[in-house]
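J.: See my_file.pdb below, with PDB, C-alpha atoms.
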```
ATOM      1  CA  MET Y   1       0.000   0.000   0.000  1.00  0.00           C
ATOM      2  CA  THR Y   2       1.308   3.456  -0.901  1.00  0.00           C
ATOM      3  CA  ALA Y   3       1.436   6.346   1.609  1.00  0.00           C
ATOM      4  CA  LYS Y   4      -1.277   8.034  -0.437  1.00  0.00           C
ATOM      5  CA  GLN Y   5      -3.552   4.981  -0.269  1.00  0.00           C
ATOM      6  CA  ASN Y   6      -2.947   4.833   3.471  1.00  0.00           C
ATOM      7  CA  GLN Y   7      -3.906   8.517   3.886  1.00  0.00           C
ATOM      8  CA  GLN Y   8      -6.952   7.831   1.765  1.00  0.00           C
ATOM      9  CA  LEU Y   9      -8.055   5.152   4.244  1.00  0.00           C
ATOM     10  CA  ASP Y  10      -7.835   7.756   7.069  1.00  0.00           C
ATOM     11  CA  LEU Y  11     -10.287   9.909   5.132  1.00  0.00           C
ATOM     12  CA  TYR Y  12     -12.667   7.078   4.227  1.00  0.00           C
ATOM     13  CA  PHE Y  13     -12.882   5.701   7.752  1.00  0.00           C
ATOM     14  CA  HIS Y  14     -13.170   9.174   9.287  1.00  0.00           C
ATOM     15  CA  ALA Y  15     -16.023   9.983   6.890  1.00  0.00           C
ATOM     16  CA  LEU Y  16     -17.765   6.712   7.786  1.00  0.00           C
ATOM     17  CA  ALA Y  17     -17.457   7.295  11.555  1.00  0.00           C
ATOM     18  CA  ASP Y  18     -20.612   9.394  11.758  1.00  0.00           C
ATOM     19  CA  PRO Y  19     -24.245   8.214  11.689  1.00  0.00           C
ATOM     20  CA  ALA Y  20     -25.462  11.177   9.580  1.00  0.00           C
ATOM     21  CA  ARG Y  21     -22.807  10.524   6.952  1.00  0.00           C
ATOM     22  CA  ARG Y  22     -23.546   6.786   6.921  1.00  0.00           C
ATOM     23  CA  SER Y  23     -27.239   7.598   6.464  1.00  0.00           C
ATOM     24  CA  MET Y  24     -26.278   9.725   3.439  1.00  0.00           C
ATOM     25  CA  ILE Y  25     -24.222   6.868   1.999  1.00  0.00           C
ATOM     26  CA  GLN Y  26     -27.159   4.563   2.652  1.00  0.00           C
ATOM     27  CA  ARG Y  27     -29.501   6.912   0.745  1.00  0.00           C
ATOM     28  CA  LEU Y  28     -27.029   7.169  -2.138  1.00  0.00           C
ATOM     29  CA  THR Y  29     -26.951   3.386  -2.578  1.00  0.00           C
ATOM     30  CA  ARG Y  30     -30.474   3.858  -4.061  1.00  0.00           C
ATOM     31  CA  GLY Y  31     -29.154   6.340  -6.637  1.00  0.00           C
ATOM     32  CA  PRO Y  32     -27.941   9.941  -6.947  1.00  0.00           C
ATOM     33  CA  ALA Y  33     -29.548  12.533  -4.664  1.00  0.00           C
ATOM     34  CA  SER Y  34     -29.435  16.265  -4.081  1.00  0.00           C
ATOM     35  CA  VAL Y  35     -27.921  17.730  -0.923  1.00  0.00           C
ATOM     36  CA  SER Y  36     -31.388  18.620   0.375  1.00  0.00           C
ATOM     37  CA  GLU Y  37     -32.662  15.075  -0.270  1.00  0.00           C
ATOM     38  CA  LEU Y  38     -29.670  13.753   1.679  1.00  0.00           C
ATOM     39  CA  GLY Y  39     -30.540  16.032   4.585  1.00  0.00           C
ATOM     40  CA  LYS Y  40     -34.283  15.317   4.608  1.00  0.00           C
ATOM     41  CA  PRO Y  41     -34.260  12.318   7.007  1.00  0.00           C
ATOM     42  CA  LEU Y  42     -31.766  14.025   9.345  1.00  0.00           C
ATOM     43  CA  GLN Y  43     -32.807  16.417  12.067  1.00  0.00           C
ATOM     44  CA  MET Y  44     -30.233  19.081  11.324  1.00  0.00           C
ATOM     45  CA  SER Y  45     -29.797  22.501   9.740  1.00  0.00           C
ATOM     46  CA  LEU Y  46     -28.896  22.820   6.055  1.00  0.00           C
ATOM     47  CA  PRO Y  47     -25.392  24.164   6.899  1.00  0.00           C
ATOM     48  CA  ALA Y  48     -24.781  21.062   9.036  1.00  0.00           C
ATOM     49  CA  VAL Y  49     -25.979  18.851   6.179  1.00  0.00           C
ATOM     50  CA  VAL Y  50     -23.694  20.677   3.736  1.00  0.00           C
ATOM     51  CA  GLN Y  51     -20.754  20.193   6.071  1.00  0.00           C
ATOM     52  CA  HIS Y  52     -21.341  16.426   6.252  1.00  0.00           C
ATOM     53  CA  VAL Y  53     -21.647  16.270   2.454  1.00  0.00           C
ATOM     54  CA  GLN Y  54     -18.327  18.115   2.189  1.00  0.00           C
ATOM     55  CA  VAL Y  55     -16.595  15.636   4.507  1.00  0.00           C
ATOM     56  CA  LEU Y  56     -17.930  12.786   2.358  1.00  0.00           C
ATOM     57  CA  GLU Y  57     -16.883  14.482  -0.853  1.00  0.00           C
ATOM     58  CA  SER Y  58     -13.394  15.465   0.273  1.00  0.00           C
ATOM     59  CA  SER Y  59     -12.839  11.891   1.489  1.00  0.00           C
ATOM     60  CA  GLY Y  60     -13.583  10.668  -2.036  1.00  0.00           C
ATOM     61  CA  LEU Y  61     -16.527   8.467  -0.972  1.00  0.00           C
ATOM     62  CA  ILE Y  62     -18.962  10.619  -2.937  1.00  0.00           C
ATOM     63  CA  ARG Y  63     -18.784  12.972  -5.887  1.00  0.00           C
ATOM     64  CA  SER Y  64     -21.087  15.846  -6.675  1.00  0.00           C
ATOM     65  CA  GLU Y  65     -21.894  18.020  -9.640  1.00  0.00           C
ATOM     66  CA  LYS Y  66     -24.097  21.038 -10.048  1.00  0.00           C
ATOM     67  CA  ILE Y  67     -27.008  20.345 -12.394  1.00  0.00           C
ATOM     68  CA  GLY Y  68     -28.836  23.624 -12.938  1.00  0.00           C
ATOM     69  CA  ARG Y  69     -29.351  25.020  -9.449  1.00  0.00           C
ATOM     70  CA  VAL Y  70     -29.129  21.672  -7.691  1.00  0.00           C
ATOM     71  CA  ARG Y  71     -25.988  19.895  -6.465  1.00  0.00           C
ATOM     72  CA  MET Y  72     -26.403  16.181  -7.145  1.00  0.00           C
ATOM     73  CA  CYS Y  73     -24.336  13.615  -5.248  1.00  0.00           C
ATOM     74  CA  ARG Y  74     -23.445  10.033  -5.998  1.00  0.00           C
ATOM     75  CA  ILE Y  75     -21.282   7.362  -4.397  1.00  0.00           C
ATOM     76  CA  ASP Y  76     -17.882   6.435  -5.758  1.00  0.00           C
ATOM     77  CA  VAL Y  77     -18.141   2.661  -5.511  1.00  0.00           C
ATOM     78  CA  ARG Y  78     -14.372   2.232  -5.897  1.00  0.00           C
ATOM     79  CA  ALA Y  79     -13.807   4.217  -2.694  1.00  0.00           C
ATOM     80  CA  LEU Y  80     -16.301   2.073  -0.778  1.00  0.00           C
ATOM     81  CA  LYS Y  81     -14.582  -1.008  -2.173  1.00  0.00           C
ATOM     82  CA  ALA Y  82     -11.114   0.255  -1.124  1.00  0.00           C
ATOM     83  CA  ALA Y  83     -12.241   0.609   2.502  1.00  0.00           C
ATOM     84  CA  GLU Y  84     -13.923  -2.800   2.318  1.00  0.00           C
ATOM     85  CA  ASN Y  85     -10.802  -4.387   0.824  1.00  0.00           C
ATOM     86  CA  TRP Y  86      -8.615  -3.192   3.668  1.00  0.00           C
ATOM     87  CA  LEU Y  87     -10.943  -4.837   6.187  1.00  0.00           C
ATOM     88  CA  ILE Y  88     -11.264  -8.040   4.161  1.00  0.00           C
ATOM     89  CA  GLY Y  89      -7.471  -8.222   3.817  1.00  0.00           C
ATOM     90  CA  ARG Y  90      -7.000  -8.029   7.571  1.00  0.00           C
ATOM     91  CA  ARG Y  91      -9.760 -10.513   8.352  1.00  0.00           C
ATOM     92  CA  THR Y  92      -8.508 -13.086   5.855  1.00  0.00           C
ATOM     93  CA  SER Y  93      -4.977 -12.773   7.313  1.00  0.00           C
ATOM     94  CA  ILE Y  94      -6.416 -13.704  10.683  1.00  0.00           C
ATOM     95  CA  GLU Y  95      -8.468 -16.563   9.281  1.00  0.00           C
ATOM     96  CA  LYS Y  96      -5.469 -17.965   7.396  1.00  0.00           C
ATOM     97  CA  ARG Y  97      -3.634 -18.097  10.699  1.00  0.00           C
ATOM     98  CA  GLY Y  98      -6.557 -20.182  11.827  1.00  0.00           C
ATOM     99  CA  ASP Y  99      -5.982 -20.134  15.578  1.00  0.00           C
ATOM    100  CA  THR Y 100      -8.344 -17.312  16.512  1.00  0.00           C
ATOM    101  CA  PRO Y 101     -11.614 -18.125  18.220  1.00  0.00           C
ATOM    102  CA  ALA Y 102     -14.705 -16.704  16.492  1.00  0.00           C
TER     103      ALA Y 102
ATOM    104  CA  MET R   1     -29.696  -2.274  12.608  1.00  0.00           C
ATOM    105  CA  THR R   2     -30.205  -1.267  16.252  1.00  0.00           C
ATOM    106  CA  ALA R   3     -29.147   2.135  17.624  1.00  0.00           C
ATOM    107  CA  LYS R   4     -26.458   0.336  19.605  1.00  0.00           C
ATOM    108  CA  GLN R   5     -25.059  -1.388  16.497  1.00  0.00           C
ATOM    109  CA  ASN R   6     -25.065   1.981  14.735  1.00  0.00           C
ATOM    110  CA  GLN R   7     -23.118   3.609  17.603  1.00  0.00           C
ATOM    111  CA  GLN R   8     -20.740   0.671  17.484  1.00  0.00           C
ATOM    112  CA  LEU R   9     -19.986   1.448  13.826  1.00  0.00           C
ATOM    113  CA  ASP R  10     -19.062   5.036  14.825  1.00  0.00           C
ATOM    114  CA  LEU R  11     -16.480   3.606  17.209  1.00  0.00           C
ATOM    115  CA  TYR R  12     -15.097   1.024  14.779  1.00  0.00           C
ATOM    116  CA  PHE R  13     -14.686   3.478  11.903  1.00  0.00           C
ATOM    117  CA  HIS R  14     -13.255   6.177  14.178  1.00  0.00           C
ATOM    118  CA  ALA R  15     -10.719   3.678  15.537  1.00  0.00           C
ATOM    119  CA  LEU R  16      -9.748   2.648  11.985  1.00  0.00           C
ATOM    120  CA  ALA R  17      -9.307   6.259  10.793  1.00  0.00           C
ATOM    121  CA  ASP R  18      -5.710   6.476  12.005  1.00  0.00           C
ATOM    122  CA  PRO R  19      -2.573   4.974  10.442  1.00  0.00           C
ATOM    123  CA  ALA R  20      -0.980   4.060  13.796  1.00  0.00           C
ATOM    124  CA  ARG R  21      -4.088   2.193  14.875  1.00  0.00           C
ATOM    125  CA  ARG R  22      -4.384   0.417  11.517  1.00  0.00           C
ATOM    126  CA  SER R  23      -0.731  -0.616  11.839  1.00  0.00           C
ATOM    127  CA  MET R  24      -1.560  -2.105  15.262  1.00  0.00           C
ATOM    128  CA  ILE R  25      -4.500  -4.014  13.756  1.00  0.00           C
ATOM    129  CA  GLN R  26      -2.214  -5.176  10.960  1.00  0.00           C
ATOM    130  CA  ARG R  27       0.314  -6.466  13.530  1.00  0.00           C
ATOM    131  CA  LEU R  28      -2.435  -8.229  15.489  1.00  0.00           C
ATOM    132  CA  THR R  29      -3.556 -10.161  12.414  1.00  0.00           C
ATOM    133  CA  ARG R  30      -0.331 -12.180  12.928  1.00  0.00           C
ATOM    134  CA  GLY R  31      -1.349 -13.041  16.501  1.00  0.00           C
ATOM    135  CA  PRO R  32      -1.611 -11.509  19.981  1.00  0.00           C
ATOM    136  CA  ALA R  33       0.969  -8.863  20.929  1.00  0.00           C
ATOM    137  CA  SER R  34       1.932  -6.783  23.942  1.00  0.00           C
ATOM    138  CA  VAL R  35       1.379  -3.018  24.000  1.00  0.00           C
ATOM    139  CA  SER R  36       5.119  -2.413  23.609  1.00  0.00           C
ATOM    140  CA  GLU R  37       5.299  -4.776  20.618  1.00  0.00           C
ATOM    141  CA  LEU R  38       2.418  -2.861  19.034  1.00  0.00           C
ATOM    142  CA  GLY R  39       4.308   0.387  19.524  1.00  0.00           C
ATOM    143  CA  LYS R  40       7.695  -0.868  18.302  1.00  0.00           C
ATOM    144  CA  PRO R  41       7.292  -0.019  14.578  1.00  0.00           C
ATOM    145  CA  LEU R  42       5.725   3.368  15.387  1.00  0.00           C
ATOM    146  CA  GLN R  43       7.762   6.472  16.026  1.00  0.00           C
ATOM    147  CA  MET R  44       5.899   7.604  19.117  1.00  0.00           C
ATOM    148  CA  SER R  45       6.115   7.756  22.901  1.00  0.00           C
ATOM    149  CA  LEU R  46       4.746   4.918  25.035  1.00  0.00           C
ATOM    150  CA  PRO R  47       1.901   7.136  26.382  1.00  0.00           C
ATOM    151  CA  ALA R  48       0.854   7.858  22.769  1.00  0.00           C
ATOM    152  CA  VAL R  49       0.955   4.126  21.983  1.00  0.00           C
ATOM    153  CA  VAL R  50      -1.130   3.365  25.071  1.00  0.00           C
ATOM    154  CA  GLN R  51      -3.689   5.977  24.040  1.00  0.00           C
ATOM    155  CA  HIS R  52      -4.074   4.397  20.587  1.00  0.00           C
ATOM    156  CA  VAL R  53      -4.428   0.942  22.162  1.00  0.00           C
ATOM    157  CA  GLN R  54      -7.144   2.358  24.428  1.00  0.00           C
ATOM    158  CA  VAL R  55      -9.069   3.802  21.464  1.00  0.00           C
ATOM    159  CA  LEU R  56      -8.895   0.395  19.758  1.00  0.00           C
ATOM    160  CA  GLU R  57      -9.951  -1.424  22.904  1.00  0.00           C
ATOM    161  CA  SER R  58     -12.835   0.871  23.797  1.00  0.00           C
ATOM    162  CA  SER R  59     -14.115   0.590  20.204  1.00  0.00           C
ATOM    163  CA  GLY R  60     -14.296  -3.186  20.649  1.00  0.00           C
ATOM    164  CA  LEU R  61     -11.896  -3.940  17.774  1.00  0.00           C
ATOM    165  CA  ILE R  62      -9.331  -5.397  20.173  1.00  0.00           C
ATOM    166  CA  ARG R  63      -9.366  -6.940  23.613  1.00  0.00           C
ATOM    167  CA  SER R  64      -6.552  -7.032  26.119  1.00  0.00           C
ATOM    168  CA  GLU R  65      -5.699  -8.913  29.247  1.00  0.00           C
ATOM    169  CA  LYS R  66      -2.884  -8.610  31.714  1.00  0.00           C
ATOM    170  CA  ILE R  67      -0.673 -11.694  31.734  1.00  0.00           C
ATOM    171  CA  GLY R  68       1.839 -11.286  34.548  1.00  0.00           C
ATOM    172  CA  ARG R  69       3.249  -7.799  34.065  1.00  0.00           C
ATOM    173  CA  VAL R  70       2.448  -7.602  30.371  1.00  0.00           C
ATOM    174  CA  ARG R  71      -0.797  -6.462  28.765  1.00  0.00           C
ATOM    175  CA  MET R  72      -1.472  -8.703  25.758  1.00  0.00           C
ATOM    176  CA  CYS R  73      -3.801  -7.551  22.979  1.00  0.00           C
ATOM    177  CA  ARG R  74      -5.718  -9.461  20.350  1.00  0.00           C
ATOM    178  CA  ILE R  75      -8.203  -8.598  17.634  1.00  0.00           C
ATOM    179  CA  ASP R  76     -11.899  -9.292  18.001  1.00  0.00           C
ATOM    180  CA  VAL R  77     -12.597 -10.708  14.557  1.00  0.00           C
ATOM    181  CA  ARG R  78     -16.357 -10.234  14.969  1.00  0.00           C
ATOM    182  CA  ALA R  79     -15.866  -6.480  15.295  1.00  0.00           C
ATOM    183  CA  LEU R  80     -13.746  -6.345  12.139  1.00  0.00           C
ATOM    184  CA  LYS R  81     -16.423  -8.400  10.389  1.00  0.00           C
ATOM    185  CA  ALA R  82     -19.217  -6.051  11.555  1.00  0.00           C
ATOM    186  CA  ALA R  83     -17.468  -3.035   9.996  1.00  0.00           C
ATOM    187  CA  GLU R  84     -16.785  -5.047   6.843  1.00  0.00           C
ATOM    188  CA  ASN R  85     -20.410  -6.201   6.646  1.00  0.00           C
ATOM    189  CA  TRP R  86     -21.720  -2.649   6.732  1.00  0.00           C
ATOM    190  CA  LEU R  87     -19.525  -1.747   3.744  1.00  0.00           C
ATOM    191  CA  ILE R  88     -20.391  -4.934   1.845  1.00  0.00           C
ATOM    192  CA  GLY R  89     -24.101  -4.323   2.454  1.00  0.00           C
ATOM    193  CA  ARG R  90     -23.896  -0.832   0.949  1.00  0.00           C
ATOM    194  CA  ARG R  91     -21.794  -1.920  -2.019  1.00  0.00           C
ATOM    195  CA  THR R  92     -24.064  -4.832  -2.891  1.00  0.00           C
ATOM    196  CA  SER R  93     -27.106  -2.493  -2.722  1.00  0.00           C
ATOM    197  CA  ILE R  94     -25.439  -0.326  -5.348  1.00  0.00           C
ATOM    198  CA  GLU R  95     -24.484  -3.288  -7.499  1.00  0.00           C
ATOM    199  CA  LYS R  96     -28.005  -4.729  -7.341  1.00  0.00           C
ATOM    200  CA  ARG R  97     -29.260  -1.423  -8.730  1.00  0.00           C
ATOM    201  CA  GLY R  98     -26.844  -2.085 -11.558  1.00  0.00           C
ATOM    202  CA  ASP R  99     -26.745   1.373 -13.104  1.00  0.00           C
ATOM    203  CA  THR R 100     -23.614   2.725 -11.456  1.00  0.00           C
ATOM    204  CA  PRO R 101     -20.452   3.067 -13.504  1.00  0.00           C
ATOM    205  CA  ALA R 102     -17.385   1.375 -11.998  1.00  0.00           C
TER     206      ALA R 102
END
```
Using structure tokens, write down the structure from this file.

T.:
Amino acid sequence: MTAKQNQQLDLYFHALADPARRSMIQRLTRGPASVSELGKPLQMSLPAVVQHVQVLESSGLIRSEKIGRVRMCRIDVRALKAAENWLIGRRTSIEKRGDTPA
Amino acid sequence: MTAKQNQQLDLYFHALADPARRSMIQRLTRGPASVSELGKPLQMSLPAVVQHVQVLESSGLIRSEKIGRVRMCRIDVRALKAAENWLIGRRTSIEKRGDTPA
């Protein structure tokens, strides 16, 4: 793993360590959504919603583009997969060792 | 997912969002290790190492027990798997939708 990939994991896991941001990721698994759609189920102000979206976007887990007056967001599946792969790699190392109780 | 499981994910992902803590997890995939062994490859003071171990332990990703004068740590594979499962669940939701570019 390169230093850059390792730094990227810091950002992914930090972004995932918040229930509001995970709820946004969850919503985006159903398809692209606007910032206000992402905020709808959350009991928070629009600025707070925007801030969470920015953390997700600067981590690389989501991308956004302005379509007319609306900012639409979507997941970057490769980023989700990179975080997943790190965890799978560690777990399979343990299982290969084979002496760890479940 | 229960509220408690959701809070647990906050702790897991927060614990994983640091390169020193991921290096400790990486080391523990090879088997149990003492706190000082976990700190050996890291350029940091023992109190800093202990603090990282405490974050990992209070998240539930590792457990420790005192054996004689040495505190030995090991991974809780179920915790690693719970974090992994959340990511896999989201990714497979996207893939089932089938309209997302790689």

J.: Here's the selection I'm unsure about, the ChimeraX specification (/R :<6) & /Y; applied to the file above, which residues does it give, as a list of chain:residue names?

T.: Y:Asp10, Y:Phe13, Y:His14, Y:Ala17, Y:Asp18, Y:Thr29, Y:Glu84, Y:Leu87, Y:Ser93, Y:Ile94

J.: Might you pull out every residue within 12 Å of Gln54 in chain Y, with all atoms listed in the file counted and same-chain residues fewer than 4 positions away left off, and present them as a PyMOL selection string?

T.: chain Y and resi 11+15+21+24+35+47-50+58-64+71+73

J.: Take the residues from that selection and write them out as a PDB file, keeping the file's coordinate frame, keeping C-alpha atoms.

T.:
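Okay, again_32.pdb is ready:
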```pdb
ATOM      1  CA  LEU Y  11     -10.287   9.909   5.132  1.00  0.00           C
ATOM      2  CA  ALA Y  15     -16.023   9.983   6.890  1.00  0.00           C
ATOM      3  CA  ARG Y  21     -22.807  10.524   6.952  1.00  0.00           C
ATOM      4  CA  MET Y  24     -26.278   9.725   3.439  1.00  0.00           C
ATOM      5  CA  VAL Y  35     -27.921  17.730  -0.923  1.00  0.00           C
ATOM      6  CA  PRO Y  47     -25.392  24.164   6.899  1.00  0.00           C
ATOM      7  CA  ALA Y  48     -24.781  21.062   9.036  1.00  0.00           C
ATOM      8  CA  VAL Y  49     -25.979  18.851   6.179  1.00  0.00           C
ATOM      9  CA  VAL Y  50     -23.694  20.677   3.736  1.00  0.00           C
ATOM     10  CA  SER Y  58     -13.394  15.465   0.273  1.00  0.00           C
ATOM     11  CA  SER Y  59     -12.839  11.891   1.489  1.00  0.00           C
ATOM     12  CA  GLY Y  60     -13.583  10.668  -2.036  1.00  0.00           C
ATOM     13  CA  LEU Y  61     -16.527   8.467  -0.972  1.00  0.00           C
ATOM     14  CA  ILE Y  62     -18.962  10.619  -2.937  1.00  0.00           C
ATOM     15  CA  ARG Y  63     -18.784  12.972  -5.887  1.00  0.00           C
ATOM     16  CA  SER Y  64     -21.087  15.846  -6.675  1.00  0.00           C
ATOM     17  CA  ARG Y  71     -25.988  19.895  -6.465  1.00  0.00           C
ATOM     18  CA  CYS Y  73     -24.336  13.615  -5.248  1.00  0.00           C
TER      19      CYS Y  73
END
```

J.: Record the distance separating CA of Ala79 in chain R and CA of Pro41 in chain Y, expressed in Å with one decimal.

T.: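 Interatomic distance here is 27.6 Å.
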
J.: Give me, please, the distance in Å between CA of Lys66 in chain R and CA of Ser34 in chain R, quoted to one decimal.

T.: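 Computed distance, CA of Lys66 in chain R to CA of Ser34 in chain R, equals 9.3 Å.
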
J.: Expressed in Å to a single decimal, how great is the separation between CA of Glu37 in chain Y and CA of Gly98 in chain R?

T.: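 Going from CA of Glu37 in chain Y over to CA of Gly98 in chain R covers 21.3 Å.
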
J.: As JSON, please report the centre and edge lengths, rounded to one decimal in Å, of the axis-aligned box that holds all listed atoms of range 19-29 of chain R with 4 Å of padding on each of the six sides.

T.:
```
{"center_x": -2.1, "center_y": -2.6, "center_z": 13.0, "size_x": 12.8, "size_y": 23.1, "size_z": 13.0}
```
